[in-house]
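Student: Mind having a look at this structure? Questions to follow.
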Amino acid sequence: MTTEVTKNQLSEGDLTETQSRLLEEIAKPQYYNNRELSWLAFNERVLEEAEDVNNPLLERLKFLAIFSSNLDEFFMVRVAGLQDQVRAGFHKPENKSGLTPKEQLAKIAERTQALVRRQTEVYRHLIYDLLPQHNVHIADMKDLNSTQKAFVNEMFAETIFPVLTPVAVDAYRPFPTLLGKTLNLLVLLEQDEADLENREKVAIVQVPSVLDRYIKVPSGDGETVIVLLEDVIVAHIEKLFYGYSVKSAQAFRLTRNADLTIHEEGARDLLVEIEKELKKRKWGVGSRLEVREGEMSEEVLTYLLDEFEIEETDVFHIDGPLDLTFMFSFVKGISVGREHLEYESFIPQPPLDLQSDENIFEKALQQDIFFHHPYESFAPIVDFISEAAVNPNVLAIKQTLYRVSGNSPIIQALKLAAENGKQVTVLVELKARFDEENNVHWAKQLEQAGCLVIYGMNNLKTHSKITLVVSRRNGKIERFVHLGTGNYNDATAKIYTDMGIITTDKEFGIDATNFFNYLSGYTEKPTFNHLVVAPFDIRDEFIQLMDEEIACHKKHGNGFIRAKMNSLTDKDLMMKLYEASIAGVKVELIIRGICCIRPGIPGISENITVTSIVGRFLEHSRIYWFHHNGENKVYLSSADMMTRNMIKRVEILFPVYASEAKARIINIMNTQLEDTAKARIQDSNGKYHYKEFDRGEDPINSQEIFLKDALKPTLDEE
């Protein structure tokens, strides 16, 4: 674009002809990254962490597992959804990059095939070149000595064989319906005696997921020798088919469509509806087939493609084991005595605003308390609920739950509170993807304990992170409000970076009360004092804040917007960011994952930068900072700038007023923008590159800085 638009021509009443041309121009597809391809670029950055020689060896293996787990979910939901569109004859281009579903699938297949080949290369290097240097060997069955083979033979007979179930496939026994993501063997057989039909027989053997994927075999000299479960089964496969000769046993793995279709209108009981759909998830349409490279003949592959009704472009030939998510348990199993091959252990520290000997309720009455997880412990948030459950002054606890841990102490505290006679209201989001089953379980548990459990609004997911504790002391009501960017999950709080505050500000307390009444009862959306609530209002607030920043820049020439989020996909907001850039406002974005905006385009986004940080911890906090001529309006939120967060979810955006908390958040943002160790910068073509820095200096690792800062008060005390 060569047309120059001055800041005086923007955001002044009705649209001018120039503004209309601008809006038409910045809506064009060439200025946006495709959502799915941008996600693949994010997963490539995860793979880069597996390649990074500066990461400890076992952590690199974990990143391989994360890459695989991410890709599973991508094919189960995003790719499967595009395949559904193609099957339905839907050919309309999506509204950002302008690609049709079929075009997206073609680009996804090409990009993913390359990434999976690269993943396999990394795996082979780490397993066969580097791990043996630390006395760990994944061996082929043929390489075992006689003692080791005897051990494996006995294990197969005693432990593995009783669990296996060979399934014949013939005219009377159709091809079995296989669970998604399970590892299976397709076995070709011939009868030892003359077969009148003179045909090969087909059978399926599932590799049992109830058994460990790897087996340690006896070895000397401090070595750890391991064989994979599927290799052991293949080596003994003839024991399952007496009277037949096994021609081949070939591993494969099918990924299925796992997105749920919830029909809320008319569903008398959402809990029952979710449970019904969960049963269907296991048997969804196939979306991807993985096979071992060089093992499967074209004839057998064609047979599987016909059975699963998927295209050849959805087949991945892998030169190594299928499903590397087993690296999580593998690393755990070999890490003892090899702790130097993992990140140095870190214990989350007491929050800077709350010392270990301070009562969280007493401190909250004095000041807002700020939390920065996982550098600062999540334990005070658990204690906040646990103490409220037994405090005789507490009358009520209200909380939203989206994802919680498998043995959640928060759930236990809420149950105890109800048993102690507190009024406990819990909004459990049953539609939290891949946590539906877990949340159904907890919802039933909470109801049985006497909690009032609500499930939110029709056709909206409640993604907000808020807790309200109502207490009475000396005849007066006190309201304690926790607001956060992350889930009430004590497990993920150790590896996700998130922020939160606890406040006793009266107006925040009124907002929290109105918010829960809005969710549970019949009332129109309230007018809040400080909270901004999606659907719709957060998007409107962002646009207003950006318009104000443009106006401030027009007047003072110092406008900037700095924002941190997981993903950016909302076109209305991206167009407004482009408008801000054209007006001269500096826009600095830290976006871990999907980013559909393109920085650095002359005349459009030369004032926009996009940084992605992928490192030891998963960047999860959402921060929105508008300079506003030095006023520094800072907000935290549960919401990304994604269309789904803006219009399809109940989200909360909240301002940070406490000067010390605001200063800390600003410092955190600035430190991350200076990162040169884990930061990648997106160029104007949508490609990511490691951030350049002076090679004579040590790279800046923002996460390591925050770890050291968290430990500093403890070290000072020593």
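Naming scheme: A, B, ... for chains in displayed order of the structure tokens; residues 1 onward per chain; ligands 1 onward as shown.
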Please provide as a compact mmCIF listing (two decimals) with N, CA and C atoms, in the first residue's frame all residues within 12 Å of Lys332 in chain A, with the sequence filter that same-chain residues fewer than 2 positions apart are discarded (counting only C-alpha atoms).
Tutor:
# COMPACT_ATOMS: atom_id res chain seq x y z
N LEU A 58 16.89 -34.08 29.04
CA LEU A 58 15.58 -34.65 29.33
C LEU A 58 14.45 -33.65 29.09
N GLU A 59 14.75 -32.37 29.26
CA GLU A 59 13.74 -31.35 28.94
C GLU A 59 13.49 -31.31 27.44
N LEU A 61 13.53 -33.87 25.49
CA LEU A 61 12.62 -34.99 25.23
C LEU A 61 11.18 -34.64 25.61
N LYS A 62 11.02 -33.90 26.70
CA LYS A 62 9.67 -33.47 27.09
C LYS A 62 9.06 -32.56 26.03
N ASP A 212 2.85 -49.87 30.77
CA ASP A 212 3.89 -48.89 30.45
C ASP A 212 4.36 -49.10 29.02
N TYR A 214 7.23 -48.52 27.83
CA TYR A 214 8.63 -48.96 27.77
C TYR A 214 8.92 -49.93 28.91
N PHE A 326 4.67 -40.56 24.95
CA PHE A 326 5.17 -41.44 26.02
C PHE A 326 6.49 -40.93 26.59
N MET A 327 7.09 -39.92 25.94
CA MET A 327 8.33 -39.34 26.47
C MET A 327 8.11 -38.72 27.85
N PHE A 328 6.89 -38.28 28.17
CA PHE A 328 6.63 -37.74 29.51
C PHE A 328 6.94 -38.78 30.57
N SER A 329 6.36 -39.97 30.43
CA SER A 329 6.59 -41.02 31.43
C SER A 329 7.99 -41.60 31.31
N PHE A 330 8.51 -41.65 30.10
CA PHE A 330 9.86 -42.17 29.87
C PHE A 330 10.89 -41.33 30.63
N ILE A 334 13.48 -42.46 33.89
CA ILE A 334 14.95 -42.55 33.84
C ILE A 334 15.63 -41.38 34.53
N SER A 335 14.86 -40.47 35.12
CA SER A 335 15.45 -39.22 35.64
C SER A 335 16.19 -39.40 36.96
N VAL A 336 15.84 -40.44 37.73
CA VAL A 336 16.50 -40.63 39.02
C VAL A 336 18.00 -40.85 38.80
N GLY A 337 18.79 -40.04 39.46
CA GLY A 337 20.24 -40.10 39.27
C GLY A 337 20.73 -39.29 38.07
N ARG A 338 19.78 -38.73 37.33
CA ARG A 338 20.15 -37.91 36.17
C ARG A 338 19.49 -36.54 36.26
N GLU A 339 19.36 -36.05 37.49
CA GLU A 339 18.69 -34.77 37.70
C GLU A 339 19.40 -33.62 36.99
N LEU A 341 20.24 -33.56 34.09
CA LEU A 341 19.74 -33.49 32.71
C LEU A 341 18.37 -32.84 32.64
N GLU A 342 17.88 -32.31 33.76
CA GLU A 342 16.61 -31.59 33.80
C GLU A 342 16.86 -30.16 34.26
Student: Do a neighbour search on Ile590 in chain A at 6 Å with only C-alpha atoms, toss out local chain neighbours closer than 3 positions, and write the hits as a VMD selection string.
Tutor: chain A and resid 564 610 to 612
Student: With N, CA and C atoms retained, write the just-selected residues as a compact mmCIF listing (two decimals), in the first residue's frame.
Tutor:
# COMPACT_ATOMS: atom_id res chain seq x y z
N LYS A 564 0.02 -8.57 25.97
CA LYS A 564 0.51 -9.94 26.04
C LYS A 564 -0.69 -10.88 26.11
N VAL A 610 5.76 -8.17 16.84
CA VAL A 610 5.17 -9.36 17.46
C VAL A 610 6.29 -10.25 17.96
N THR A 611 6.27 -10.52 19.26
CA THR A 611 7.25 -11.39 19.90
C THR A 611 6.53 -12.62 20.45
N SER A 612 7.14 -13.78 20.27
CA SER A 612 6.62 -15.01 20.88
C SER A 612 7.70 -15.58 21.79
Student: Considering only C-alpha atoms, give me a table of residues in range 449-525 of chain A that are at most 8 Å from range 393-406 of chain A, with the closest atom pair and distance in Å for each, as a Markdown table.
Tutor:
| residue | atom | partner | partner_atom | distance |
| --- | --- | --- | --- | --- |
| A:Thr462 | CA | A:Tyr402 | CA | 7.4 |
| A:His463 | CA | A:Tyr402 | CA | 6.2 |
| A:Ser464 | CA | A:Thr400 | CA | 6.8 |
| A:Lys465 | CA | A:Thr400 | CA | 6.0 |
| A:Ile466 | CA | A:Thr400 | CA | 5.9 |
| A:Thr467 | CA | A:Gln399 | CA | 4.4 |
| A:Leu468 | CA | A:Lys398 | CA | 5.1 |
| A:Val469 | CA | A:Ile397 | CA | 4.6 |
| A:Val470 | CA | A:Ala396 | CA | 5.1 |
| A:Ser471 | CA | A:Val394 | CA | 4.1 |
| A:Arg472 | CA | A:Asn393 | CA | 5.3 |
| A:Arg473 | CA | A:Asn393 | CA | 6.3 |
| A:Asn487 | CA | A:Arg403 | CA | 5.9 |
| A:Tyr488 | CA | A:Val404 | CA | 5.8 |
| A:Asn489 | CA | A:Val404 | CA | 4.4 |
| A:Asp490 | CA | A:Ser405 | CA | 6.4 |
| A:Ala491 | CA | A:Ser405 | CA | 5.8 |
| A:Thr492 | CA | A:Ser405 | CA | 7.7 |
| A:Phe516 | CA | A:Lys398 | CA | 7.4 |
Student: With a distance cut-off of 8 Å and only C-alpha atoms, select the neighbouring residues of Ile318 in chain A, excluding the residue or stretch itself and same-chain residues fewer than 5 positions from it, and output the selection as a list in words.
Tutor: Val116, Arg117, Thr120, Glu290, Val291, Arg292 and Glu293 of chain A
Student: Tell me, as a list in words, which residues lie within 7 Å of Glu376 in chain A, counting only C-alpha atoms; anything in the same chain fewer than 5 positions away does not count.
Tutor: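 Neighbouring residues, sequence-local ones excluded: Pro348, Gln349, Pro350, Pro351, Phe371 and Ala710 of chain A.
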Student: Have a look at A:Lys201, A:His134, A:Lys506, A:His441 and name the one nearest to His340 in chain A; count only C-alpha atoms.
Tutor: A:His134
Student: Please list as a ChimeraX atom specification every residue within 12 Å of Pro321 in chain A, counting only C-alpha atoms and excluding residues in the same chain fewer than 4 positions away.
Tutor: /A:68,116,119-121,123-124,127,138,140,183,213-214,227-231,250-253,290-293,295,317,325-327
Student: Using DSSP assignments from the backbone, pull out every residue in range 86-301 of chain A that falls under helix (DSSP H, G or I) and give it to me as an MDAnalysis selection string.
Tutor: chainID A and resid 86:87 101:134 141:143 146:163 229:235 237:240 270:281 298:301
Student: Compare A:Ile501, A:Ala512, A:Ala65, A:Val424 by their minimum atom-to-atom distance to Ala364 in chain A, counting only C-alpha atoms, and give me the closest one.
Tutor: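 Checking each candidate against Ala364 in chain A, we get A:Ile501 as the closest.
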Student: Write out as a list in words all residues of range 309-362 of chain A that DSSP puts in strand (DSSP E or B) for this structure's backbone.
Tutor: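 Strand (DSSP E or B) assignments inside range 309-362 of chain A correspond to Val315, Phe316, His317, Ile318 and Gln349 of chain A.
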Student: Using only C-alpha atoms, determine which residues lie at most 7 Å from Ser684 in chain A, disregarding the query and same-chain residues fewer than 6 positions distant; provide the list as a VMD selection string.
Tutor: chain A and resid 598 to 601
Student: Write out, as a short mmCIF file (atom, residue, chain, number, x, y, z; two decimals), in the first residue's frame, the residues just selected, with N, CA and C atoms.
Tutor:
data_model
loop_
_atom_site.label_atom_id
_atom_site.label_comp_id
_atom_site.auth_asym_id
_atom_site.auth_seq_id
_atom_site.Cartn_x
_atom_site.Cartn_y
_atom_site.Cartn_z
N ARG A 598 0.03 -9.31 10.93
CA ARG A 598 1.39 -9.30 10.37
C ARG A 598 2.06 -7.97 10.65
N PRO A 599 3.18 -7.98 11.35
CA PRO A 599 3.89 -6.73 11.65
C PRO A 599 4.82 -6.33 10.50
N GLY A 600 5.26 -5.09 10.56
CA GLY A 600 6.33 -4.63 9.67
C GLY A 600 5.96 -4.43 8.22
N ILE A 601 4.68 -4.36 7.89
CA ILE A 601 4.27 -4.12 6.50
C ILE A 601 4.29 -2.62 6.25
#
